[in-house]
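Undergrad: I'm passing along model.cif; it holds mmCIF, C-alpha atoms.
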```cif
data_work
#
loop_
_atom_site.label_atom_id
_atom_site.label_comp_id
_atom_site.auth_asym_id
_atom_site.auth_seq_id
_atom_site.Cartn_x
_atom_site.Cartn_y
_atom_site.Cartn_z
CA MET A 8 0.00 0.00 0.00
CA LYS A 9 2.82 2.31 1.02
CA LYS A 10 4.69 1.37 -2.16
CA ILE A 11 1.72 2.25 -4.35
CA ALA A 12 1.34 5.62 -2.58
CA LEU A 13 5.02 6.34 -3.19
CA ILE A 14 4.67 5.47 -6.87
CA ILE A 15 1.63 7.75 -7.21
CA ILE A 16 3.45 10.59 -5.42
CA GLY A 17 6.47 10.00 -7.66
CA VAL A 18 4.36 10.07 -10.83
CA ILE A 19 2.52 13.22 -9.71
CA GLY A 20 5.82 14.83 -8.75
CA PHE A 21 7.29 13.94 -12.13
CA ILE A 22 4.26 15.40 -13.94
CA VAL A 23 4.42 18.60 -11.85
CA ILE A 24 8.15 19.04 -12.53
CA PHE A 25 7.65 18.23 -16.22
CA LEU A 26 4.81 20.75 -16.53
CA GLY A 27 6.77 23.37 -14.59
CA VAL A 28 9.86 23.01 -16.77
CA SER A 29 7.73 23.02 -19.96
CA LEU A 30 5.92 26.13 -18.79
CA ILE A 31 9.16 27.99 -18.03
CA ALA A 32 10.77 26.92 -21.31
CA GLY A 33 7.63 27.75 -23.30
CA TYR A 34 7.26 31.14 -21.67
CA ASN A 35 10.92 31.98 -22.27
CA LYS A 36 10.63 31.00 -25.92
CA LEU A 37 7.52 33.18 -26.25
CA VAL A 38 9.35 36.16 -24.76
CA GLU A 39 12.33 35.49 -27.05
CA VAL A 40 10.33 35.41 -30.33
CA ASN A 41 8.24 38.42 -29.26
CA GLU A 42 11.35 40.39 -28.33
CA GLU A 43 12.91 39.59 -31.70
CA VAL A 44 9.84 41.05 -33.47
CA ASP A 45 10.10 44.22 -31.35
CA TYR A 46 13.82 44.51 -32.07
CA GLN A 47 13.34 44.11 -35.82
CA TYR A 48 10.51 46.65 -35.74
CA SER A 49 12.81 49.16 -34.04
CA GLU A 50 15.40 48.45 -36.73
CA ILE A 51 12.90 49.41 -39.48
CA ASP A 52 12.06 52.52 -37.47
CA ARG A 53 15.75 53.47 -37.32
CA ARG A 54 16.18 52.91 -41.06
CA LEU A 55 13.06 54.98 -41.86
CA GLN A 56 14.52 57.82 -39.85
CA GLN A 57 17.79 57.49 -41.78
CA ARG A 58 15.87 57.51 -45.06
CA TYR A 59 14.02 60.63 -44.02
CA ASP A 60 17.38 62.33 -43.36
CA THR A 61 18.58 61.23 -46.80
CA LEU A 62 15.38 62.58 -48.38
CA THR A 63 15.93 65.94 -46.72
CA GLN A 64 19.48 66.10 -48.06
CA LEU A 65 18.29 65.22 -51.56
CA ALA A 66 15.54 67.85 -51.41
CA THR A 67 18.13 70.45 -50.46
CA ALA A 68 20.24 69.38 -53.42
CA VAL A 69 17.45 69.78 -55.99
CA ASN A 70 16.55 73.18 -54.58
CA GLY A 71 17.08 75.74 -57.33
CA PHE A 72 17.48 73.14 -60.07
CA GLN A 73 13.80 72.62 -60.85
CA THR A 74 10.50 74.39 -60.87
CA HIS A 75 8.33 72.05 -58.84
CA GLU A 76 10.14 72.38 -55.53
CA GLN A 77 6.97 73.02 -53.60
CA THR A 78 5.39 69.75 -54.73
CA ILE A 79 8.46 67.82 -53.62
CA TYR A 80 8.64 69.61 -50.29
CA ASP A 81 4.94 68.96 -49.72
CA MET A 82 5.48 65.29 -50.43
CA ILE A 83 8.40 65.05 -48.03
CA THR A 84 6.48 66.96 -45.38
CA SER A 85 3.52 64.57 -45.74
CA ALA A 86 5.86 61.60 -45.42
CA ARG A 87 7.48 63.13 -42.31
CA GLU A 88 4.14 63.92 -40.65
CA ALA A 89 2.76 60.45 -41.41
CA TYR A 90 5.94 58.89 -39.99
CA ALA A 91 5.85 61.03 -36.81
CA ALA A 92 2.14 60.28 -36.22
CA ALA A 93 2.57 56.54 -36.79
CA LYS A 94 5.62 56.43 -34.52
CA ALA A 95 3.76 58.25 -31.75
CA SER A 96 0.82 55.86 -31.90
CA GLY A 97 2.94 52.74 -32.42
CA ASP A 98 0.61 51.81 -35.25
CA LEU A 99 2.07 49.26 -37.67
CA GLU A 100 -0.28 50.16 -40.53
CA GLY A 101 0.61 53.82 -40.12
CA MET A 102 4.33 53.01 -40.24
CA VAL A 103 3.81 50.93 -43.40
CA GLN A 104 1.90 53.87 -44.88
CA ALA A 105 4.69 56.30 -43.91
CA ASP A 106 7.19 53.92 -45.52
CA ALA A 107 5.15 53.95 -48.75
CA LEU A 108 4.88 57.77 -48.70
CA GLN A 109 8.64 58.06 -48.28
CA SER A 110 9.10 55.66 -51.21
CA VAL A 111 6.88 57.81 -53.43
CA ALA A 112 8.74 60.99 -52.43
CA LEU A 113 12.07 59.30 -53.07
CA THR A 114 11.00 57.94 -56.47
CA ASN A 115 9.85 61.41 -57.52
CA LEU A 116 13.08 62.96 -56.33
CA LEU A 117 15.11 60.42 -58.27
CA ALA A 118 13.01 61.16 -61.36
CA LEU A 119 13.87 64.84 -60.95
CA PHE A 120 17.54 63.96 -60.74
CA GLU A 121 17.29 61.88 -63.92
CA ASP A 122 15.61 64.72 -65.82
CA ASN A 123 18.11 67.30 -64.68
CA GLU A 124 21.39 67.20 -66.58
CA PRO A 125 23.12 70.06 -64.71
CA LEU A 126 22.33 68.27 -61.46
CA GLN A 127 23.67 64.98 -62.77
CA ALA A 128 26.87 66.75 -63.72
CA THR A 129 27.56 67.81 -60.14
CA GLU A 130 30.15 65.90 -58.17
CA ALA A 131 27.68 65.30 -55.38
CA TYR A 132 25.25 63.45 -57.65
CA GLY A 133 27.06 60.10 -57.35
CA ASP A 134 27.27 60.52 -53.58
CA TYR A 135 23.52 61.10 -53.33
CA MET A 136 22.83 58.00 -55.37
CA ASP A 137 25.18 55.97 -53.18
CA ALA A 138 23.38 57.23 -50.07
CA VAL A 139 20.01 56.29 -51.59
CA TRP A 140 21.19 52.84 -52.66
CA GLY A 141 22.72 52.18 -49.24
CA ILE A 142 19.65 53.17 -47.24
CA GLU A 143 17.22 51.37 -49.57
CA SER A 144 19.32 48.23 -49.32
CA ALA A 145 19.37 48.49 -45.51
CA LEU A 146 15.64 49.19 -45.33
CA SER A 147 14.84 46.29 -47.60
CA GLU A 148 16.93 44.00 -45.36
CA ALA A 149 15.25 45.41 -42.21
CA ARG A 150 11.80 44.65 -43.66
CA ARG A 151 12.89 41.14 -44.57
CA GLN A 152 14.32 40.48 -41.11
CA TYR A 153 11.16 41.86 -39.50
CA ASN A 154 8.95 39.59 -41.59
CA LEU A 155 11.16 36.60 -40.80
CA SER A 156 10.82 37.32 -37.08
CA VAL A 157 7.04 37.72 -37.46
CA GLN A 158 6.89 34.42 -39.31
CA GLU A 159 8.77 32.70 -36.49
CA TYR A 160 6.46 34.28 -33.89
CA ASN A 161 3.27 33.40 -35.75
CA LEU A 162 4.39 29.83 -36.31
CA TYR A 163 5.26 29.42 -32.65
CA VAL A 164 1.99 30.79 -31.27
CA ARG A 165 -0.12 28.79 -33.69
CA LYS A 166 1.55 25.45 -33.17
CA PHE A 167 1.18 23.26 -30.09
CA PRO A 168 2.17 23.91 -27.32
CA GLY A 169 2.95 27.57 -28.21
CA VAL A 170 -0.74 28.21 -28.78
CA LEU A 171 -1.40 27.30 -25.12
CA TYR A 172 1.37 29.53 -23.79
CA ALA A 173 0.29 32.50 -25.94
CA SER A 174 -3.26 32.19 -24.68
CA LEU A 175 -2.16 31.56 -21.07
CA PHE A 176 0.18 34.55 -20.95
CA ASN A 177 -2.07 36.78 -23.04
CA TYR A 178 0.21 37.24 -26.05
CA ASP A 179 -1.09 38.11 -29.54
CA ASN A 180 -1.98 35.04 -31.56
CA GLU A 181 -0.87 36.74 -34.76
CA ILE A 182 1.32 39.70 -35.71
CA ALA A 183 0.86 41.40 -39.08
CA TYR A 184 3.61 41.26 -41.69
CA TRP A 185 5.19 44.42 -43.07
CA LYS A 186 3.49 44.61 -46.45
CA VAL A 187 4.40 47.51 -48.67
CA ALA A 188 3.04 48.67 -51.99
CA GLU A 189 4.25 46.70 -54.98
CA GLY A 190 7.67 47.87 -56.09
CA ALA A 191 8.35 49.84 -52.92
CA THR A 192 10.51 47.06 -51.50
CA GLN A 193 12.79 47.10 -54.49
CA ILE A 194 16.04 48.97 -54.35
CA PRO A 195 16.19 51.63 -57.08
CA ASP A 196 18.25 50.27 -59.94
CA ILE A 197 21.07 52.77 -59.80
CA VAL A 198 23.89 51.50 -61.95
CA PHE A 199 27.42 52.83 -61.85
CA GLY A 200 30.43 52.15 -63.91
CA ASP A 201 28.68 50.91 -67.07
CA MET B 19 10.21 -8.16 -30.39
CA LYS B 20 11.67 -6.10 -27.56
CA SER B 21 14.96 -5.68 -29.40
CA ALA B 22 13.11 -4.62 -32.55
CA ILE B 23 11.31 -1.87 -30.64
CA LYS B 24 14.60 -0.86 -29.02
CA SER B 25 16.31 -0.65 -32.44
CA ALA B 26 13.42 1.37 -33.86
CA VAL B 27 13.62 3.84 -30.97
CA ILE B 28 17.40 4.21 -31.36
CA LEU B 29 16.98 4.70 -35.12
CA LEU B 30 14.34 7.36 -34.56
CA LEU B 31 16.59 9.14 -32.06
CA ILE B 32 19.49 9.09 -34.54
CA LEU B 33 17.24 10.44 -37.31
CA PHE B 34 15.95 13.15 -34.96
CA ALA B 35 19.49 14.10 -33.99
CA LEU B 36 20.54 14.26 -37.66
CA PHE B 37 17.51 16.39 -38.50
CA ALA B 38 18.23 18.71 -35.57
CA CYS B 39 21.83 19.12 -36.68
CA GLN B 40 20.92 19.84 -40.29
CA SER B 41 22.65 23.01 -41.38
CA LYS B 42 20.40 25.80 -42.58
CA SER B 43 23.20 27.84 -44.11
CA ASP B 44 22.94 28.70 -47.79
CA TYR B 45 26.53 29.76 -48.24
CA PRO B 46 29.87 27.95 -47.93
CA GLU B 47 31.71 28.11 -44.65
CA PRO B 48 34.63 30.57 -44.64
CA THR B 49 38.12 29.27 -45.28
CA LYS B 50 40.47 28.64 -42.37
CA GLU B 51 42.29 31.87 -43.24
CA PHE B 52 38.90 33.61 -42.88
CA TYR B 53 39.97 36.98 -44.30
CA VAL B 54 40.18 35.71 -47.87
CA ASN B 55 37.66 33.32 -49.40
CA ASP B 56 38.59 33.00 -53.05
CA PHE B 57 35.90 30.57 -54.17
CA ALA B 58 36.29 31.83 -57.77
CA ASP B 59 40.02 31.06 -57.62
CA LYS B 60 40.88 34.41 -59.19
CA LEU B 61 43.12 36.12 -56.62
CA LEU B 62 46.88 35.80 -56.70
CA PRO B 63 48.47 33.97 -53.74
CA ALA B 64 50.47 37.14 -53.00
CA VAL B 65 47.28 39.21 -52.72
CA GLU B 66 45.59 36.55 -50.60
CA SER B 67 48.62 36.51 -48.33
CA THR B 68 48.45 40.32 -47.96
CA ILE B 69 44.74 40.25 -47.11
CA VAL B 70 45.28 37.58 -44.46
CA ARG B 71 48.36 39.24 -42.97
CA GLU B 72 46.71 42.67 -42.77
CA GLY B 73 43.49 41.11 -41.50
CA GLU B 74 45.25 39.32 -38.65
CA ARG B 75 47.12 42.49 -37.73
CA LEU B 76 43.95 44.60 -37.75
CA PHE B 77 42.10 42.05 -35.61
CA GLU B 78 44.71 42.50 -32.86
CA GLU B 79 44.40 46.31 -32.92
CA GLU B 80 42.64 47.90 -29.95
CA SER B 81 41.42 51.45 -29.39
CA GLU B 82 43.06 53.48 -26.61
CA ASP B 83 40.01 53.23 -24.36
CA GLY B 84 39.84 49.48 -25.06
CA ASN B 85 36.26 49.70 -26.30
CA ILE B 86 36.94 48.76 -29.90
CA SER B 87 38.89 45.73 -31.06
CA GLY B 88 38.51 42.75 -33.34
CA VAL B 89 37.75 44.73 -36.51
CA GLN B 90 37.70 42.41 -39.54
CA ILE B 91 37.89 43.11 -43.28
CA VAL B 92 36.97 40.00 -45.25
CA PHE B 93 37.17 39.35 -49.00
CA ALA B 94 35.17 36.74 -50.91
CA THR B 95 34.92 35.87 -54.59
CA PHE B 96 32.10 33.91 -56.21
CA THR B 97 31.39 32.70 -59.71
CA VAL B 98 27.97 32.92 -61.38
CA GLU B 99 26.92 31.87 -64.87
CA ASN B 100 25.06 35.09 -65.60
CA GLU B 101 24.64 38.46 -63.94
CA THR B 102 21.05 37.85 -62.83
CA ASP B 103 22.34 35.09 -60.51
CA ILE B 104 24.18 37.72 -58.43
CA ALA B 105 20.82 38.79 -56.94
CA LYS B 106 20.53 35.34 -55.33
CA TYR B 107 23.34 36.26 -52.95
CA ASN B 108 22.17 38.09 -49.85
CA LEU B 109 25.29 39.67 -48.41
CA SER B 110 23.71 40.28 -45.02
CA ASP B 111 23.03 36.57 -44.68
CA LEU B 112 26.57 35.77 -45.75
CA TYR B 113 28.01 38.38 -43.37
CA ASN B 114 25.90 37.13 -40.47
CA GLN B 115 26.68 33.47 -41.20
CA TRP B 116 30.39 34.20 -41.08
CA GLY B 117 30.02 36.59 -38.11
CA ILE B 118 32.45 39.20 -39.35
CA GLY B 119 34.00 41.61 -36.83
CA LYS B 120 33.71 41.75 -33.08
CA ASP B 121 30.74 43.87 -31.94
CA ASP B 122 29.58 44.30 -35.59
CA MET B 123 32.82 46.09 -36.54
CA GLY B 124 33.45 44.48 -39.89
CA VAL B 125 33.43 44.91 -43.65
CA LEU B 126 32.72 42.25 -46.26
CA ILE B 127 33.88 42.77 -49.85
CA VAL B 128 32.51 40.39 -52.47
CA TYR B 129 33.66 40.05 -56.08
CA PHE B 130 31.24 38.39 -58.50
CA TYR B 131 32.80 36.81 -61.56
CA VAL B 132 30.54 35.96 -64.48
CA GLY B 133 31.27 33.30 -67.08
CA ASP B 134 31.79 29.58 -67.44
CA THR B 135 32.22 28.44 -63.85
CA GLU B 136 34.25 25.42 -65.03
CA ASP B 137 36.77 27.62 -66.85
CA PRO B 138 38.45 30.24 -64.59
CA SER B 139 40.05 32.02 -67.56
CA SER B 140 36.61 32.88 -69.00
CA LEU B 141 35.47 34.59 -65.82
CA ASP B 142 35.15 38.38 -65.77
CA LEU B 143 34.77 40.55 -62.69
CA LYS B 144 31.32 42.08 -63.21
CA GLU B 145 30.12 43.28 -59.83
CA ILE B 146 31.68 44.30 -56.53
CA LYS B 147 29.67 44.70 -53.37
CA ILE B 148 30.62 45.99 -49.95
CA GLU B 149 28.55 45.04 -46.92
CA ILE B 150 29.14 47.10 -43.78
CA GLY B 151 28.64 45.80 -40.24
CA TYR B 152 26.10 47.60 -38.02
CA ALA B 153 28.68 49.34 -35.82
CA MET B 154 31.02 50.05 -38.74
CA GLU B 155 28.28 52.15 -40.44
CA VAL B 156 29.32 55.03 -38.19
CA TYR B 157 32.81 55.05 -39.73
CA LEU B 158 32.17 53.87 -43.28
CA SER B 159 29.13 55.26 -45.08
CA PRO B 160 27.90 53.97 -48.47
CA ILE B 161 29.11 57.26 -49.97
CA GLU B 162 32.62 56.72 -48.62
CA ALA B 163 32.62 53.03 -49.60
CA GLY B 164 31.45 53.98 -53.11
CA ASN B 165 34.20 56.58 -53.44
CA ILE B 166 36.79 54.02 -52.33
CA LEU B 167 35.59 51.56 -54.99
CA ASP B 168 35.61 54.30 -57.64
CA THR B 169 39.22 55.19 -56.91
CA THR B 170 40.59 51.65 -56.56
CA ILE B 171 39.32 48.42 -58.12
CA MET B 172 37.02 50.28 -60.55
CA ILE B 173 39.87 52.18 -62.20
CA ASP B 174 43.02 50.17 -61.51
CA GLU B 175 43.87 48.22 -64.62
CA ASP B 176 45.38 45.34 -62.73
CA GLU B 177 42.93 43.45 -60.51
CA SER B 178 45.63 42.42 -58.04
CA ILE B 179 46.85 45.97 -57.54
CA GLY B 180 43.22 47.15 -57.47
CA THR B 181 42.38 44.67 -54.73
CA ALA B 182 45.39 45.64 -52.64
CA HIS B 183 44.56 49.31 -53.25
CA LEU B 184 40.98 48.69 -52.08
CA LEU B 185 42.22 46.84 -48.99
CA TYR B 186 44.68 49.60 -48.07
CA GLU B 187 42.05 52.33 -48.51
CA LEU B 188 39.65 50.44 -46.22
CA LEU B 189 42.48 49.90 -43.73
CA SER B 190 43.16 53.62 -43.90
CA VAL B 191 39.56 54.39 -42.90
CA VAL B 192 39.72 51.93 -40.02
CA TYR B 193 43.13 52.91 -38.67
CA VAL B 194 42.51 56.66 -38.96
CA ASP B 195 38.77 57.00 -38.18
CA VAL B 196 38.31 54.10 -35.78
CA PHE B 197 41.68 53.85 -34.04
CA GLY B 198 42.69 57.51 -34.27
CA TYR B 199 45.95 57.13 -36.22
CA ASN B 200 47.18 60.36 -37.81
CA SER B 201 47.61 58.66 -41.16
CA PHE B 202 47.96 55.29 -42.82
CA ASN B 203 50.57 55.18 -45.55
CA TYR B 204 51.14 52.64 -48.27
CA ASP B 205 53.04 52.56 -51.53
CA LEU B 206 51.49 50.81 -54.53
CA ASP B 207 54.77 50.84 -56.49
CA GLU B 208 56.39 49.01 -53.63
CA TYR B 209 53.45 46.63 -53.60
CA GLN B 210 53.98 45.94 -57.31
CA ASN B 211 57.57 44.97 -56.47
CA TYR B 212 56.26 42.67 -53.76
CA LEU B 213 53.93 41.03 -56.30
CA ASP B 214 56.78 40.59 -58.76
CA THR B 215 59.11 38.99 -56.23
CA TYR B 216 56.57 37.03 -54.17
CA LEU B 217 57.69 33.53 -53.31
CA PRO B 218 54.74 31.19 -53.74
CA TYR B 219 55.82 28.94 -50.86
CA SER B 220 55.82 31.62 -48.22
CA ASP B 221 52.42 30.75 -46.81
CA TYR B 222 51.27 27.61 -45.09
CA ASP B 223 49.15 26.05 -47.86
CA SER B 224 51.79 26.47 -50.51
CA LEU B 225 54.46 25.27 -48.07
CA TRP B 226 52.56 22.02 -47.57
CA GLY B 227 52.10 21.71 -51.33
CA TRP B 228 55.82 22.17 -51.83
CA ILE B 229 56.72 19.62 -49.10
CA LEU B 230 54.39 17.05 -50.68
CA TYR B 231 55.78 17.79 -54.13
CA VAL B 232 59.36 17.24 -53.03
CA ILE B 233 58.45 14.07 -51.15
CA LEU B 234 56.60 12.59 -54.12
CA THR B 235 58.72 13.81 -57.02
CA PRO B 236 61.29 11.39 -58.48
CA TYR B 237 63.69 14.30 -58.98
CA ALA B 238 64.41 14.86 -55.27
CA SER B 239 67.04 12.78 -53.51
CA TRP B 240 66.15 10.44 -50.64
CA TRP B 241 67.94 12.56 -48.06
CA GLU B 242 65.93 15.63 -49.21
CA LYS B 243 62.71 13.65 -48.93
CA GLY B 244 63.76 12.38 -45.49
CA ILE B 245 64.54 15.86 -44.17
CA LEU B 246 61.20 17.19 -45.42
CA VAL B 247 59.30 14.26 -43.87
CA LEU B 248 60.97 15.11 -40.54
CA ILE B 249 60.18 18.84 -40.93
CA GLY B 250 56.57 18.00 -41.82
CA LEU B 251 56.21 15.77 -38.77
CA ALA B 252 57.79 18.45 -36.57
CA ILE B 253 55.32 21.08 -37.82
CA LEU B 254 52.43 18.69 -37.23
CA GLY B 255 53.72 17.99 -33.74
CA LEU B 256 53.84 21.72 -33.00
CA GLY B 257 50.14 22.15 -33.69
CA GLY B 258 49.73 21.25 -37.31
CA GLY B 259 51.09 24.45 -38.76
CA VAL B 260 47.52 25.32 -39.62
CA VAL B 261 46.41 28.85 -38.89
CA LYS B 262 42.68 29.09 -38.36
CA ASN B 263 41.07 32.47 -38.02
CA ILE B 264 37.44 32.85 -37.04
CA GLY B 265 34.82 35.58 -37.17
CA GLY B 266 34.20 37.91 -34.26
CA GLY B 267 30.45 37.20 -34.24
CA GLY B 268 29.39 40.45 -35.92
CA ARG B 269 26.18 41.19 -37.79
CA SER B 270 25.15 43.52 -40.59
CA GLY B 271 21.83 44.94 -41.77
CA GLY B 272 22.10 45.40 -45.51
CA MET B 273 23.96 48.72 -45.49
CA GLY B 274 26.55 48.87 -48.24
CA ILE B 275 27.24 49.70 -51.83
CA ARG B 276 27.81 48.02 -55.17
CA ARG B 277 29.53 48.77 -58.43
CA ARG B 278 29.20 47.07 -61.80
CA ARG B 279 32.03 46.83 -64.31
#
```
As a first step, turn the structure in this file into structure tokens.

TA:
Amino acid sequence: MKKIALIIIGVIGFIVIFLGVSLIAGYNKLVEVNEEVDYQYSEIDRRLQQRYDTLTQLATAVNGFQTHEQTIYDMITSAREAYAAAKASGDLEGMVQADALQSVALTNLLALFEDNEPLQATEAYGDYMDAVWGIESALSEARRQYNLSVQEYNLYVRKFPGVLYASLFNYDNEIAYWKVAEGATQIPDIVFGD
Amino acid sequence: MKSAIKSAVILLLILFALFACQSKSDYPEPTKEFYVNDFADKLLPAVESTIVREGERLFEEESEDGNISGVQIVFATFTVENETDIAKYNLSDLYNQWGIGKDDMGVLIVYFYVGDTEDPSSLDLKEIKIEIGYAMEVYLSPIEAGNILDTTIMIDEDESIGTAHLLYELLSVVYVDVFGYNSFNYDLDEYQNYLDTYLPYSDYDSLWGWILYVILTPYASWWEKGILVLIGLAILGLGGGVVKNIGGGGRSGGMGIRRRR
């Protein structure tokens, strides 16, 4: 009788320890994948800020070279305001929208550069294009890394036992991917040395 | 019956272990020299030796406050059949897989050669990319990296000189901007002399090739073969004579520049 009681206590103890360890490991994994998403999001944020700085520099460069400055400045201002509002609210959709607005402003600026021969002849032209290519490349990579981290998170919280931990600890059961307008994720095809 | 179940369980465990260990990397592992990874087999041994020597020296450098050390500049060459295949290479993934530079202080330079991958003589250098580690972005912007490419490998007629020129310009940025040196001087004419007089057996790989050649060739005398066998064994006994460099664990985030030729 005593032996059976010991076995039952042992089995219950084993189950309690097993559940406890699983719970701790599962919770830690949940925190880890969630933290990675937050980190990658902050990386996109940092790159968007860098792109805004690059846009401002480019806008200064075209100043005086073309007749539609106001339109370009309005576009950049809209992109900046959308970015600041989205950042303040922490709204993913707003950030994606701000990203798209910046892309439009950048594309228009590059078009102005292409149409402006005196501007292309300046020594700084190549530098501006390098800055644009660099930041677009970095932003594209930041978006990709963010989406990879979201994919890992979503897979974890949908599969067993992650689904239980997410529900138990009140974590989102899905995080939205960073989806941008078609073509906006592509790095402008700036070719040198041909 | 029991043994069959036991065998099945062991087999399943082995399969699970193999699956768990499966490598997810898309790119080759770096060479043991680490700083030069000439998969296209296009760089001269002398240039490779320079990249490794300078790379090892730079890795040992430390800032005065001790906060920065382990900077790494790594070269890689790849062959592709056509230029569109270059887009399949994600340099951030490659950089992160190799873990270049301690605390993200690294630079990766990749040469893409296009042509018949089976025939090295048909390969032409078509694209050069520079990937900059997160922390290195502060010291090396895409503008600066682009200007360095434009004044070195993009205009130097000789690829070997161009590569050395590129390396020395990058070293100049690191030594001056990162480590606070007043200047970093180099002489390309002197480097040309070095290329012309380089002894192919002055690095470890070639040394081993030479030892094996002498041991196996019918033209060497038995006492020469014997001495080299003893030297070879002595080097092996002292640690193999194999220098293995490794990455500092750095990461990059897509910042960089490219040029097409």

Undergrad: Please list as a list of chain:residue names every residue within 8 Å of A:Asp134, counting all atoms listed in the file and excluding residues in the same chain fewer than 6 positions away.

TA: B:Ile161, B:Gly164, B:Asn165

Undergrad: Any chance you could tabulate, as a tab-separated table, the residues of chain B at most 6 Å from chain A with each one's nearest atom pair and distance in Å to one decimal, using all atoms listed in the file, in chain and rising number order?

TA:
```
residue	atom	partner	partner_atom	distance
B:Pro160	CA	A:Gly141	CA	5.5
B:Ile161	CA	A:Asp134	CA	5.2
B:Gly271	CA	A:Ala145	CA	5.7
B:Gly272	CA	A:Ala145	CA	4.1
B:Met273	CA	A:Ala145	CA	4.6
B:Gly274	CA	A:Gly141	CA	5.2
B:Ile275	CA	A:Gly141	CA	5.8
B:Arg277	CA	A:Phe199	CA	5.7
B:Arg278	CA	A:Gly200	CA	5.6
B:Arg279	CA	A:Gly200	CA	5.6
```

Undergrad: Name the residues captured by the PyMOL selection byres ((chain B and resi 50) around 8) when it is applied to the shown file; answer as a CSV table (one decimal) with C-alpha atoms, in the frame of the given file.

TA:
```csv
chain,number,residue,atom,x,y,z
B,48,PRO,CA,34.6,30.6,-44.6
B,49,THR,CA,38.1,29.3,-45.3
B,51,GLU,CA,42.3,31.9,-43.2
B,52,PHE,CA,38.9,33.6,-42.9
B,261,VAL,CA,46.4,28.8,-38.9
B,262,LYS,CA,42.7,29.1,-38.4
B,263,ASN,CA,41.1,32.5,-38.0
B,264,ILE,CA,37.4,32.8,-37.0
```

Undergrad: Please list as number ranges by chain every residue within 8 Å of stretch 101-117 of chain A, counting only C-alpha atoms and excluding residues in the same chain fewer than 5 positions away.

TA: A: 55, 58-59, 62, 65-66, 79, 82-83, 85-87, 89-90, 92-94, 185-188, 191

Undergrad: Go ahead and save the residues from that selection, with C-alpha atoms, as a PDB file, in the coordinates of the input.

TA:
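Written file, part.pdb:
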```pdb
ATOM      1  CA  LEU A  55      13.060  54.980 -41.860  1.00  0.00           C
ATOM      2  CA  ARG A  58      15.870  57.510 -45.060  1.00  0.00           C
ATOM      3  CA  TYR A  59      14.020  60.630 -44.020  1.00  0.00           C
ATOM      4  CA  LEU A  62      15.380  62.580 -48.380  1.00  0.00           C
ATOM      5  CA  LEU A  65      18.290  65.220 -51.560  1.00  0.00           C
ATOM      6  CA  ALA A  66      15.540  67.850 -51.410  1.00  0.00           C
ATOM      7  CA  ILE A  79       8.460  67.820 -53.620  1.00  0.00           C
ATOM      8  CA  MET A  82       5.480  65.290 -50.430  1.00  0.00           C
ATOM      9  CA  ILE A  83       8.400  65.050 -48.030  1.00  0.00           C
ATOM     10  CA  SER A  85       3.520  64.570 -45.740  1.00  0.00           C
ATOM     11  CA  ALA A  86       5.860  61.600 -45.420  1.00  0.00           C
ATOM     12  CA  ARG A  87       7.480  63.130 -42.310  1.00  0.00           C
ATOM     13  CA  ALA A  89       2.760  60.450 -41.410  1.00  0.00           C
ATOM     14  CA  TYR A  90       5.940  58.890 -39.990  1.00  0.00           C
ATOM     15  CA  ALA A  92       2.140  60.280 -36.220  1.00  0.00           C
ATOM     16  CA  ALA A  93       2.570  56.540 -36.790  1.00  0.00           C
ATOM     17  CA  LYS A  94       5.620  56.430 -34.520  1.00  0.00           C
ATOM     18  CA  TRP A 185       5.190  44.420 -43.070  1.00  0.00           C
ATOM     19  CA  LYS A 186       3.490  44.610 -46.450  1.00  0.00           C
ATOM     20  CA  VAL A 187       4.400  47.510 -48.670  1.00  0.00           C
ATOM     21  CA  ALA A 188       3.040  48.670 -51.990  1.00  0.00           C
ATOM     22  CA  ALA A 191       8.350  49.840 -52.920  1.00  0.00           C
TER      23      ALA A 191
END
```

Undergrad: Could you tell me how far atom CA of B:Val128 sits from atom CA of B:Glu79, in Å to one decimal place?

TA: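 Computing it gives 23.6 Å between the two atoms.
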
Undergrad: Which residues match the PyMOL selection byres ((chain B and resi 88) around 8) in the file above, as a list in words?

TA: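 Checking the PyMOL selection byres ((chain B and resi 88) around 8) against this file, the residues are Leu76, Phe77, Glu78, Glu79, Glu80, Ile86, Ser87, Val89, Gln90, Gly119, Lys120, Asp121, Met123 and Gly266 of chain B.
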
Undergrad: May I have the residues from that selection written out with C-alpha atoms, as an mmCIF file, in the coordinates of the input?

TA:
```
data_model
loop_
_atom_site.group_PDB
_atom_site.id
_atom_site.type_symbol
_atom_site.label_atom_id
_atom_site.label_comp_id
_atom_site.auth_asym_id
_atom_site.auth_seq_id
_atom_site.Cartn_x
_atom_site.Cartn_y
_atom_site.Cartn_z
ATOM 1 C CA LEU B 76 43.950 44.600 -37.750
ATOM 2 C CA PHE B 77 42.100 42.050 -35.610
ATOM 3 C CA GLU B 78 44.710 42.500 -32.860
ATOM 4 C CA GLU B 79 44.400 46.310 -32.920
ATOM 5 C CA GLU B 80 42.640 47.900 -29.950
ATOM 6 C CA ILE B 86 36.940 48.760 -29.900
ATOM 7 C CA SER B 87 38.890 45.730 -31.060
ATOM 8 C CA VAL B 89 37.750 44.730 -36.510
ATOM 9 C CA GLN B 90 37.700 42.410 -39.540
ATOM 10 C CA GLY B 119 34.000 41.610 -36.830
ATOM 11 C CA LYS B 120 33.710 41.750 -33.080
ATOM 12 C CA ASP B 121 30.740 43.870 -31.940
ATOM 13 C CA MET B 123 32.820 46.090 -36.540
ATOM 14 C CA GLY B 266 34.200 37.910 -34.260
#
```
